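K.L.:
Contents of upload32.tsv (TSV, N, CA and C atoms) are below:
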chain	number	residue	atom	x	y	z
A	11	MET	N	-6.73	-92.11	0.88
A	11	MET	CA	-8.07	-91.73	0.46
A	11	MET	C	-8.06	-91.50	-1.05
A	12	ILE	N	-9.13	-91.88	-1.69
A	12	ILE	CA	-9.26	-91.73	-3.14
A	12	ILE	C	-9.38	-90.24	-3.51
A	13	GLU	N	-8.77	-89.88	-4.62
A	13	GLU	CA	-8.93	-88.53	-5.16
A	13	GLU	C	-9.63	-88.67	-6.51
A	14	PHE	N	-10.82	-88.12	-6.60
A	14	PHE	CA	-11.60	-88.24	-7.82
A	14	PHE	C	-11.10	-87.29	-8.90
A	15	THR	N	-11.27	-87.71	-10.14
A	15	THR	CA	-11.00	-86.86	-11.30
A	15	THR	C	-12.19	-86.98	-12.23
A	16	LEU	N	-12.36	-85.99	-13.08
A	16	LEU	CA	-13.45	-86.02	-14.05
A	16	LEU	C	-12.93	-85.87	-15.45
A	17	ASP	N	-13.56	-86.58	-16.37
A	17	ASP	CA	-13.31	-86.40	-17.79
A	17	ASP	C	-14.60	-85.81	-18.35
A	18	ARG	N	-14.64	-84.51	-18.42
A	18	ARG	CA	-15.87	-83.81	-18.82
A	18	ARG	C	-16.25	-84.08	-20.27
A	19	GLY	N	-15.33	-84.56	-21.07
A	19	GLY	CA	-15.61	-84.83	-22.46
A	19	GLY	C	-15.93	-86.28	-22.75
A	20	SER	N	-16.03	-87.11	-21.72
A	20	SER	CA	-16.21	-88.55	-21.93
A	20	SER	C	-17.62	-88.95	-22.34
A	21	GLY	N	-18.60	-88.11	-22.03
A	21	GLY	CA	-19.98	-88.50	-22.29
A	21	GLY	C	-20.58	-89.34	-21.18
A	22	VAL	N	-19.78	-89.69	-20.18
A	22	VAL	CA	-20.27	-90.46	-19.02
A	22	VAL	C	-20.68	-89.46	-17.95
A	23	SER	N	-21.85	-89.67	-17.38
A	23	SER	CA	-22.34	-88.71	-16.38
A	23	SER	C	-21.36	-88.63	-15.20
A	24	THR	N	-21.34	-87.48	-14.57
A	24	THR	CA	-20.40	-87.21	-13.48
A	24	THR	C	-20.56	-88.21	-12.35
A	25	TYR	N	-21.81	-88.47	-11.94
A	25	TYR	CA	-21.99	-89.38	-10.81
A	25	TYR	C	-21.50	-90.78	-11.15
A	26	LEU	N	-21.68	-91.21	-12.41
A	26	LEU	CA	-21.19	-92.54	-12.80
A	26	LEU	C	-19.67	-92.59	-12.83
A	27	GLN	N	-19.04	-91.49	-13.21
A	27	GLN	CA	-17.58	-91.45	-13.17
A	27	GLN	C	-17.09	-91.67	-11.74
A	28	LEU	N	-17.76	-91.06	-10.78
A	28	LEU	CA	-17.38	-91.24	-9.37
A	28	LEU	C	-17.58	-92.69	-8.94
A	29	VAL	N	-18.73	-93.26	-9.31
A	29	VAL	CA	-19.02	-94.66	-8.97
A	29	VAL	C	-17.96	-95.58	-9.58
A	30	HIS	N	-17.65	-95.38	-10.86
A	30	HIS	CA	-16.66	-96.22	-11.54
A	30	HIS	C	-15.28	-96.10	-10.89
A	31	GLN	N	-14.92	-94.90	-10.47
A	31	GLN	CA	-13.61	-94.71	-9.84
A	31	GLN	C	-13.51	-95.42	-8.50
A	32	VAL	N	-14.60	-95.42	-7.74
A	32	VAL	CA	-14.59	-96.15	-6.47
A	32	VAL	C	-14.47	-97.65	-6.74
A	33	LYS	N	-15.24	-98.15	-7.69
A	33	LYS	CA	-15.17	-99.58	-8.01
A	33	LYS	C	-13.78	-99.98	-8.51
A	34	GLN	N	-13.18	-99.13	-9.33
A	34	GLN	CA	-11.83	-99.41	-9.83
A	34	GLN	C	-10.84	-99.44	-8.67
A	35	ALA	N	-10.95	-98.49	-7.76
A	35	ALA	CA	-10.06	-98.45	-6.60
A	35	ALA	C	-10.24	-99.69	-5.73
A	36	LEU	N	-11.47	-100.18	-5.62
A	36	LEU	CA	-11.71	-101.41	-4.87
A	36	LEU	C	-11.09	-102.61	-5.58
A	37	ARG	N	-11.22	-102.66	-6.90
A	37	ARG	CA	-10.63	-103.78	-7.66
A	37	ARG	C	-9.12	-103.82	-7.53
A	38	LEU	N	-8.51	-102.64	-7.53
A	38	LEU	CA	-7.05	-102.56	-7.50
A	38	LEU	C	-6.48	-102.57	-6.10
A	39	GLY	N	-7.34	-102.55	-5.08
A	39	GLY	CA	-6.86	-102.58	-3.71
A	39	GLY	C	-6.46	-101.22	-3.17
A	40	THR	N	-6.72	-100.16	-3.93
A	40	THR	CA	-6.42	-98.81	-3.46
A	40	THR	C	-7.36	-98.43	-2.33
A	41	LEU	N	-8.61	-98.89	-2.42
A	41	LEU	CA	-9.58	-98.75	-1.33
A	41	LEU	C	-9.86	-100.12	-0.76
A	42	ARG	N	-9.98	-100.17	0.56
A	42	ARG	CA	-10.25	-101.43	1.24
A	42	ARG	C	-11.38	-101.24	2.24
A	43	PRO	N	-12.01	-102.33	2.64
A	43	PRO	CA	-13.06	-102.20	3.66
A	43	PRO	C	-12.55	-101.42	4.87
A	44	GLY	N	-13.38	-100.48	5.31
A	44	GLY	CA	-13.03	-99.63	6.45
A	44	GLY	C	-12.50	-98.27	6.04
A	45	ASP	N	-12.02	-98.14	4.79
A	45	ASP	CA	-11.51	-96.85	4.32
A	45	ASP	C	-12.66	-95.86	4.18
A	46	GLN	N	-12.35	-94.59	4.45
A	46	GLN	CA	-13.34	-93.54	4.33
A	46	GLN	C	-13.23	-92.87	2.97
A	47	LEU	N	-14.39	-92.61	2.35
A	47	LEU	CA	-14.42	-91.84	1.12
A	47	LEU	C	-14.37	-90.36	1.48
A	48	PRO	N	-13.93	-89.52	0.55
A	48	PRO	CA	-13.95	-88.08	0.82
A	48	PRO	C	-15.38	-87.63	1.11
A	49	THR	N	-15.52	-86.61	1.92
A	49	THR	CA	-16.86	-86.08	2.18
A	49	THR	C	-17.40	-85.43	0.91
A	50	ALA	N	-18.71	-85.30	0.86
A	50	ALA	CA	-19.33	-84.64	-0.29
A	50	ALA	C	-18.74	-83.24	-0.45
A	51	ARG	N	-18.55	-82.54	0.65
A	51	ARG	CA	-17.99	-81.19	0.59
A	51	ARG	C	-16.59	-81.19	-0.03
A	52	GLN	N	-15.74	-82.16	0.36
A	52	GLN	CA	-14.39	-82.24	-0.21
A	52	GLN	C	-14.44	-82.48	-1.72
A	53	VAL	N	-15.33	-83.37	-2.15
A	53	VAL	CA	-15.44	-83.68	-3.57
A	53	VAL	C	-15.96	-82.46	-4.33
A	54	VAL	N	-16.96	-81.81	-3.78
A	54	VAL	CA	-17.52	-80.61	-4.40
A	54	VAL	C	-16.45	-79.54	-4.57
A	55	GLU	N	-15.64	-79.32	-3.53
A	55	GLU	CA	-14.59	-78.30	-3.58
A	55	GLU	C	-13.50	-78.66	-4.58
A	56	SER	N	-13.13	-79.93	-4.66
A	56	SER	CA	-12.03	-80.31	-5.55
A	56	SER	C	-12.44	-80.40	-7.02
A	57	LEU	N	-13.73	-80.74	-7.28
A	57	LEU	CA	-14.17	-80.94	-8.66
A	57	LEU	C	-15.12	-79.86	-9.17
A	58	ALA	N	-15.57	-78.99	-8.28
A	58	ALA	CA	-16.52	-77.94	-8.65
A	58	ALA	C	-17.79	-78.52	-9.28
A	59	ILE	N	-18.40	-79.46	-8.54
A	59	ILE	CA	-19.65	-80.08	-9.00
A	59	ILE	C	-20.73	-79.89	-7.95
A	60	ASN	N	-21.95	-80.21	-8.32
A	60	ASN	CA	-23.09	-80.07	-7.44
A	60	ASN	C	-23.03	-81.13	-6.34
A	61	PRO	N	-23.30	-80.75	-5.09
A	61	PRO	CA	-23.28	-81.74	-3.99
A	61	PRO	C	-24.24	-82.91	-4.23
A	62	ASN	N	-25.37	-82.65	-4.90
A	62	ASN	CA	-26.32	-83.73	-5.16
A	62	ASN	C	-25.73	-84.81	-6.06
A	63	THR	N	-24.79	-84.43	-6.91
A	63	THR	CA	-24.13	-85.39	-7.79
A	63	THR	C	-23.30	-86.37	-6.96
A	64	VAL	N	-22.56	-85.84	-6.00
A	64	VAL	CA	-21.75	-86.69	-5.12
A	64	VAL	C	-22.65	-87.59	-4.30
A	65	LEU	N	-23.71	-87.02	-3.75
A	65	LEU	CA	-24.63	-87.81	-2.93
A	65	LEU	C	-25.30	-88.91	-3.75
A	66	LYS	N	-25.61	-88.62	-5.00
A	66	LYS	CA	-26.20	-89.64	-5.89
A	66	LYS	C	-25.22	-90.79	-6.10
A	67	ALA	N	-23.95	-90.47	-6.33
A	67	ALA	CA	-22.94	-91.51	-6.51
A	67	ALA	C	-22.79	-92.35	-5.25
A	68	TYR	N	-22.73	-91.70	-4.11
A	68	TYR	CA	-22.58	-92.42	-2.85
A	68	TYR	C	-23.81	-93.29	-2.56
A	69	ARG	N	-25.02	-92.78	-2.90
A	69	ARG	CA	-26.23	-93.59	-2.72
A	69	ARG	C	-26.20	-94.83	-3.60
A	70	GLU	N	-25.71	-94.67	-4.84
A	70	GLU	CA	-25.60	-95.82	-5.74
A	70	GLU	C	-24.64	-96.86	-5.18
A	71	LEU	N	-23.53	-96.41	-4.66
A	71	LEU	CA	-22.55	-97.33	-4.07
A	71	LEU	C	-23.12	-98.01	-2.82
A	72	GLU	N	-23.93	-97.26	-2.07
A	72	GLU	CA	-24.59	-97.83	-0.90
A	72	GLU	C	-25.61	-98.89	-1.33
A	73	ARG	N	-26.38	-98.56	-2.36
A	73	ARG	CA	-27.39	-99.49	-2.88
A	73	ARG	C	-26.75	-100.81	-3.31
A	74	GLU	N	-25.54	-100.72	-3.85
A	74	GLU	CA	-24.82	-101.92	-4.29
A	74	GLU	C	-24.12	-102.63	-3.13
A	75	GLY	N	-24.20	-102.05	-1.93
A	75	GLY	CA	-23.62	-102.68	-0.75
A	75	GLY	C	-22.12	-102.48	-0.61
A	76	LEU	N	-21.56	-101.57	-1.38
A	76	LEU	CA	-20.12	-101.38	-1.34
A	76	LEU	C	-19.66	-100.39	-0.26
A	77	VAL	N	-20.52	-99.43	0.06
A	77	VAL	CA	-20.18	-98.44	1.10
A	77	VAL	C	-21.37	-98.28	2.04
A	78	GLU	N	-21.11	-97.65	3.18
A	78	GLU	CA	-22.18	-97.32	4.11
A	78	GLU	C	-21.93	-95.94	4.69
A	79	GLY	N	-23.01	-95.20	4.80
A	79	GLY	CA	-22.92	-93.89	5.42
A	79	GLY	C	-23.08	-94.03	6.92
A	80	ARG	N	-22.23	-93.36	7.66
A	80	ARG	CA	-22.33	-93.35	9.12
A	80	ARG	C	-22.60	-91.91	9.54
A	81	PRO	N	-23.81	-91.67	10.06
A	81	PRO	CA	-24.20	-90.30	10.41
A	81	PRO	C	-23.14	-89.60	11.28
A	82	GLY	N	-22.78	-88.42	10.84
A	82	GLY	CA	-21.82	-87.62	11.57
A	82	GLY	C	-20.38	-88.04	11.39
A	83	MET	N	-20.15	-89.14	10.68
A	83	MET	CA	-18.78	-89.65	10.52
A	83	MET	C	-18.31	-89.66	9.07
A	84	GLY	N	-19.21	-89.97	8.14
A	84	GLY	CA	-18.83	-90.02	6.74
A	84	GLY	C	-19.28	-91.29	6.06
A	85	THR	N	-18.70	-91.55	4.90
A	85	THR	CA	-19.04	-92.73	4.11
A	85	THR	C	-17.83	-93.65	4.07
A	86	PHE	N	-18.05	-94.91	4.39
A	86	PHE	CA	-16.96	-95.87	4.52
A	86	PHE	C	-17.19	-97.08	3.63
A	87	VAL	N	-16.08	-97.66	3.18
A	87	VAL	CA	-16.13	-98.87	2.35
A	87	VAL	C	-16.56	-100.04	3.22
A	88	ARG	N	-17.58	-100.75	2.75
A	88	ARG	CA	-18.07	-101.94	3.46
A	88	ARG	C	-17.37	-103.20	2.98
A	89	GLN	N	-17.25	-103.33	1.68
A	89	GLN	CA	-16.68	-104.55	1.12
A	89	GLN	C	-16.01	-104.25	-0.21
A	90	GLY	N	-15.14	-105.15	-0.60
A	90	GLY	CA	-14.46	-105.01	-1.88
A	90	GLY	C	-15.34	-105.53	-3.00
A	91	VAL	N	-14.81	-105.43	-4.20
A	91	VAL	CA	-15.50	-105.94	-5.39
A	91	VAL	C	-14.93	-107.32	-5.66
A	92	ALA	N	-15.83	-108.27	-5.90
A	92	ALA	CA	-15.38	-109.63	-6.20
A	92	ALA	C	-14.54	-109.62	-7.47
A	93	GLY	N	-13.54	-110.43	-7.49
A	93	GLY	CA	-12.70	-110.52	-8.68
A	93	GLY	C	-11.32	-111.03	-8.32
A	94	ALA	N	-10.38	-110.76	-9.20
A	94	ALA	CA	-9.02	-111.24	-9.02
A	94	ALA	C	-8.35	-110.57	-7.82
A	95	THR	N	-7.36	-111.22	-7.30
A	95	THR	CA	-6.61	-110.66	-6.17
A	95	THR	C	-5.71	-109.53	-6.66
A	96	LEU	N	-5.19	-108.77	-5.72
A	96	LEU	CA	-4.29	-107.67	-6.06
A	96	LEU	C	-3.05	-108.22	-6.77
A	97	ALA	N	-2.54	-109.36	-6.33
A	97	ALA	CA	-1.37	-109.96	-6.98
A	97	ALA	C	-1.69	-110.33	-8.42
A	98	GLU	N	-2.89	-110.85	-8.64
A	98	GLU	CA	-3.30	-111.22	-9.99
A	98	GLU	C	-3.44	-109.97	-10.87
A	99	HIS	N	-4.01	-108.92	-10.30
A	99	HIS	CA	-4.12	-107.65	-11.03
A	99	HIS	C	-2.74	-107.14	-11.43
A	100	THR	N	-1.79	-107.23	-10.51
A	100	THR	CA	-0.44	-106.75	-10.78
A	100	THR	C	0.20	-107.56	-11.90
A	101	ARG	N	0.05	-108.87	-11.85
A	101	ARG	CA	0.61	-109.74	-12.88
A	101	ARG	C	0.00	-109.42	-14.25
A	102	LEU	N	-1.31	-109.28	-14.28
A	102	LEU	CA	-2.00	-109.00	-15.54
A	102	LEU	C	-1.65	-107.61	-16.06
A	103	ARG	N	-1.51	-106.65	-15.16
A	103	ARG	CA	-1.14	-105.31	-15.60
A	103	ARG	C	0.24	-105.31	-16.25
A	104	ARG	N	1.16	-106.03	-15.65
A	104	ARG	CA	2.51	-106.10	-16.23
A	104	ARG	C	2.47	-106.74	-17.62
A	105	ALA	N	1.67	-107.79	-17.75
A	105	ALA	CA	1.55	-108.45	-19.05
A	105	ALA	C	0.91	-107.50	-20.08
A	106	LEU	N	-0.08	-106.76	-19.64
A	106	LEU	CA	-0.73	-105.81	-20.55
A	106	LEU	C	0.23	-104.68	-20.93
A	107	GLU	N	1.01	-104.20	-19.97
A	107	GLU	CA	2.01	-103.16	-20.28
A	107	GLU	C	3.01	-103.65	-21.31
A	108	ALA	N	3.44	-104.90	-21.17
A	108	ALA	CA	4.37	-105.48	-22.15
A	108	ALA	C	3.71	-105.58	-23.52
A	109	TRP	N	2.43	-105.97	-23.55
A	109	TRP	CA	1.69	-106.05	-24.80
A	109	TRP	C	1.60	-104.68	-25.46
A	110	VAL	N	1.32	-103.64	-24.67
A	110	VAL	CA	1.23	-102.28	-25.21
A	110	VAL	C	2.57	-101.85	-25.79
A	111	ARG	N	3.65	-102.15	-25.08
A	111	ARG	CA	4.99	-101.80	-25.61
A	111	ARG	C	5.24	-102.50	-26.94
A	112	ASP	N	4.89	-103.79	-27.03
A	112	ASP	CA	5.05	-104.54	-28.28
A	112	ASP	C	4.19	-103.93	-29.39
A	113	ALA	N	2.96	-103.57	-29.06
A	113	ALA	CA	2.06	-102.99	-30.06
A	113	ALA	C	2.59	-101.64	-30.53
A	114	ARG	N	3.12	-100.84	-29.62
A	114	ARG	CA	3.70	-99.55	-30.00
A	114	ARG	C	4.91	-99.75	-30.91
A	115	ALA	N	5.73	-100.74	-30.56
A	115	ALA	CA	6.91	-101.04	-31.38
A	115	ALA	C	6.50	-101.51	-32.78
A	116	ALA	N	5.32	-102.11	-32.88
A	116	ALA	CA	4.82	-102.56	-34.17
A	116	ALA	C	4.16	-101.43	-34.96
A	117	GLY	N	4.09	-100.24	-34.35
A	117	GLY	CA	3.57	-99.08	-35.06
A	117	GLY	C	2.13	-98.70	-34.74
A	118	LEU	N	1.49	-99.38	-33.78
A	118	LEU	CA	0.12	-99.03	-33.44
A	118	LEU	C	0.09	-97.77	-32.58
A	119	ASP	N	-0.88	-96.89	-32.85
A	119	ASP	CA	-1.03	-95.70	-32.03
A	119	ASP	C	-2.15	-95.92	-31.02
A	120	GLN	N	-2.46	-94.88	-30.24
A	120	GLN	CA	-3.47	-94.98	-29.18
A	120	GLN	C	-4.82	-95.45	-29.70
A	121	GLU	N	-5.26	-94.89	-30.82
A	121	GLU	CA	-6.56	-95.28	-31.39
A	121	GLU	C	-6.54	-96.72	-31.89
A	122	ASP	N	-5.43	-97.14	-32.48
A	122	ASP	CA	-5.30	-98.53	-32.92
A	122	ASP	C	-5.42	-99.48	-31.73
A	123	LEU	N	-4.75	-99.12	-30.64
A	123	LEU	CA	-4.79	-99.95	-29.43
A	123	LEU	C	-6.21	-100.05	-28.89
A	124	ARG	N	-6.90	-98.92	-28.81
A	124	ARG	CA	-8.28	-98.92	-28.31
A	124	ARG	C	-9.17	-99.80	-29.19
A	125	ALA	N	-9.04	-99.64	-30.50
A	125	ALA	CA	-9.88	-100.40	-31.42
A	125	ALA	C	-9.61	-101.90	-31.30
A	126	LEU	N	-8.35	-102.27	-31.25
A	126	LEU	CA	-7.99	-103.68	-31.13
A	126	LEU	C	-8.49	-104.26	-29.82
A	127	PHE	N	-8.30	-103.53	-28.75
A	127	PHE	CA	-8.74	-103.99	-27.44
A	127	PHE	C	-10.26	-104.13	-27.40
A	128	ALA	N	-10.98	-103.18	-27.98
A	128	ALA	CA	-12.45	-103.23	-28.02
A	128	ALA	C	-12.94	-104.46	-28.78
A	129	VAL	N	-12.28	-104.76	-29.89
A	129	VAL	CA	-12.66	-105.93	-30.69
A	129	VAL	C	-12.43	-107.22	-29.90
A	130	VAL	N	-11.29	-107.30	-29.24
A	130	VAL	CA	-10.99	-108.51	-28.46
A	130	VAL	C	-11.99	-108.66	-27.31
A	131	LEU	N	-12.32	-107.57	-26.63
A	131	LEU	CA	-13.31	-107.65	-25.54
A	131	LEU	C	-14.68	-108.07	-26.08
A	132	ALA	N	-15.08	-107.51	-27.20
A	132	ALA	CA	-16.37	-107.86	-27.80
A	132	ALA	C	-16.40	-109.33	-28.19
A	133	ASP	N	-15.32	-109.81	-28.79
A	133	ASP	CA	-15.26	-111.23	-29.18
A	133	ASP	C	-15.30	-112.13	-27.95
A	134	ALA	N	-14.60	-111.74	-26.89
A	134	ALA	CA	-14.59	-112.52	-25.68
A	134	ALA	C	-15.99	-112.58	-25.06
A	135	ALA	N	-16.70	-111.45	-25.11
A	135	ALA	CA	-18.07	-111.41	-24.56
A	135	ALA	C	-18.99	-112.35	-25.35
A	136	LYS	N	-18.82	-112.38	-26.68
A	136	LYS	CA	-19.64	-113.27	-27.51
A	136	LYS	C	-19.38	-114.72	-27.18
A	137	GLU	N	-18.14	-115.02	-26.84
A	137	GLU	CA	-17.76	-116.40	-26.52
A	137	GLU	C	-18.06	-116.75	-25.07
A	138	GLY	N	-18.53	-115.77	-24.30
A	138	GLY	CA	-18.84	-116.01	-22.90
A	138	GLY	C	-17.63	-115.97	-22.01
A	139	VAL	N	-16.51	-115.42	-22.50
A	139	VAL	CA	-15.29	-115.36	-21.72
A	139	VAL	C	-15.27	-114.12	-20.84
A	140	ALA	N	-15.82	-113.02	-21.32
A	140	ALA	CA	-15.76	-111.77	-20.56
A	140	ALA	C	-17.10	-111.43	-19.97
Starting from the file, give its structure as structure tokens.
P.N.:
Amino acid sequence: MIEFTLDRGSGVSTYLQLVHQVKQALRLGTLRPGDQLPTARQVVESLAINPNTVLKAYRELEREGLVEGRPGMGTFVRQGVAGATLAEHTRLRRALEAWVRDARAAGLDQEDLRALFAVVLADAAKEGVA
């Protein structure tokens, strides 16, 4: 089962952080169709947030067709997110980890890495690659 975390300083609303974490877990294969999400009560207790925030996130995921609520049972994953396979994610992650090690060895710090990565993503989007 997924365990949610919050970055209260990110500027991203709490409900969107929950939505993004579910989508990320689906992309990485951590969550699969049929898996149950934590109950709203469990999320509220672990993160100390308003129950309506959790329900809003779950409604958004339902609207997107990714989860379904089953009365008296909970919220379950309906389908995964389209994209690369888990094997492809693993291969790409390893390549990215190697790139980060090379960049660190070249003297780049965390902010340098973020800036470089943001520029490459922006350029790829302009070219229609991302």
K.L.:
Can you list every residue of range 43-87 of chain A that has an atom at most 6.5 Å from range 14-36 of chain A, with its nearest atom pair and the distance in Å to one decimal, using only N, CA and C atoms, ordered by chain then number, as a Markdown table?
P.N.:
| residue | atom | partner | partner_atom | distance |
| --- | --- | --- | --- | --- |
| A:Thr63 | C | A:Tyr25 | CA | 5.1 |
| A:Val64 | N | A:Tyr25 | CA | 6.0 |
| A:Lys66 | C | A:Tyr25 | CA | 5.9 |
| A:Ala67 | CA | A:Tyr25 | CA | 4.9 |
| A:Leu71 | N | A:Val29 | CA | 6.5 |
K.L.:
One decimal, Å: what's the distance from CA of Glu72 in chain A over to CA of Ala58 in chain A, could you say?
P.N.:
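Atom-to-atom, CA of Glu72 in chain A to CA of Ala58 in chain A, that is 22.8 Å.
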K.L.:
Select from range 46-139 of chain A everything DSSP, run on the backbone, classes as helix (DSSP H, G or I), then give the selection as a PyMOL selection string.
P.N.:
chain A and resi 50-57+61-73+96-115+120-136
K.L.:
Hey, can you check how far atom N of Leu41 in chain A sits from atom C of Arg124 in chain A?
P.N.:
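Computing it gives 26.8 Å between the two atoms.
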K.L.:
Rounded to one decimal place, report the atom N of Glu121 in chain A-CA of Gly39 in chain A distance in Å.
P.N.:
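Separation of atom N of Glu121 in chain A and CA of Gly39 in chain A: 28.2 Å.
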K.L.:
Give the strand (DSSP E) residues of range 35-104 of chain A, as assigned by DSSP on the backbone, as an MDAnalysis selection string.
P.N.:
chainID A and resid 77:80 84:87
